[in-house]
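The structure appears right after this line, and notes come after that.
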Amino acid sequence: MTRAYVDDLSVERLAALQEQNLELSRLVAELRNEAALRTQFLSNISHDLRTPLTAIITHGEILRDGILGELTGRQRESVSGIIGGGRQLLDMIGEILTYARGAANQLTLSRSDFTVEAVLEQVCTLNESLVAKKGHALSVTVEPEIPPLYGDREKIVHVLGNLLGNAIDFTAPGGKVWIRASRGAPTERGHVVLIEVGDSGIGIAPEHHELVFREFAQVDATASRQHHGTGLGLAIARKFVELHDGRLWVESTLGGGSRFYFTIPVRSAS
Amino acid sequence: MPPHILLVEDNALVVGALRLLLEETGHRVSDASNVADAARAMRTDPPDLVLLDLTLGADDGLALFALVNPPLPVVVALTGHDDPETRERCLAAGCRDVRVKPIRSRELKSQIAAWLGVRTPA
């Protein structure tokens, strides 16, 4: 082989590589653009779905609140059903939108310091009536002198609310539901708080442990029919925890209850 | 004189629901479905409060601020978008507050009183 021949070859190969690089950049840009378009589409759809729901819910509330005259107990019950159904749909629309933003990497964190106790209290108050309705015993334990969390409070409340909601839903009436917060094992990124949300409910077979975090996954179709939802709750919760550099996982056996764990970093002492 | 509220909203169903709620709770209500009509209504019959939707067909509701001269009544955005960017955009444009639809009817009643600085109409 002559030297000139080799040089020719490498020039050719370089040109081909440059061409491929260009093509790849074009593809990446195209994919990004597609993801952005999909998010925009979902955002528009969610706005358009909210508008008629606004009319339905507002009319329902006008009737329920007796603004047009007092209702009988049964009438109020029926109208409350319309409002409840509408609000459930709204929550689902919100979830789909959050998921789309997460998939397009458009979620950002707005971090602050706050105590574990404060978020636990907020989440427990929100779920008080559900817990009472199912006759569960809810216990909350926080290890003494646990450091404050550093993260996006709203998103952590969302994660806790989702896990607690599942624990309440997937446990037969009169069951046990608990939340425990403790210091977790430090990671290379620093100290973390470990939060456990457990229940004495139906549990999840080990082969389904990862499936439950997948979007639109419902392990048991009969159970899911009784438990409304988009099938996005845990996928979103995991996304929120991972945005904080934390982990979310489950330990459970079928019939043996479930324990969901997640870690959230605390601000490093500096 | 009952407080006068201008609804700037392009969906007739939402206008119907809010009008009924507001009129039945002691307010006078007028409505406009685009920013040009809203600006005209604000000149001819100045409201005490404007409830402003952001997506009005092809119009951006916030364009209203460029069409009217101060002093402005209290303007509150009522929108179907619940992202922080929308909220910031509304406040920067001059909205007193931003609420995501559907606002609860009880909350709307008490908020209107707070925005107007008056007691809730009986």
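Starting from 1 in every chain, residues are counted up; chains themselves are A, B, ... following the order of the structure tokens, and ligands are numbered from 1 as listed.
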
Please return as a count of residues only: the residues of range 22-79 of chain B that backbone DSSP assigns to strand (DSSP E or B).
-> 19

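Distance criterion 9 Å to chain B, applied with only C-alpha atoms, yields Ser43, Asn44, Ser46, His47, Asp48, Leu49, Arg50, Thr51, Pro52, Leu53, Thr54, Ala55, Ile56, Ile57, Thr58, His59, Glu61, Ile62, Asp65, Ile67, Leu68 and Gly94 of chain A on chain A.
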
Residues near range 251-268 of chain A, cut-off 9 Å, only C-alpha atoms, skip fewer than 4 positions along chain, as a VMD selection string | chain A and resid 113 147 to 151 156 163 167 171 184 189 to 206 209 238 241 244 to 247

All residues 8 Å or closer to Ala38 in chain B, only C-alpha atoms, same chain fewer than 5 positions away omitted, as a list in words =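 Close residues of Ala38 in chain B: Leu6, Val8, Asp31, Ala32, Ser33 and Leu64 of chain B.
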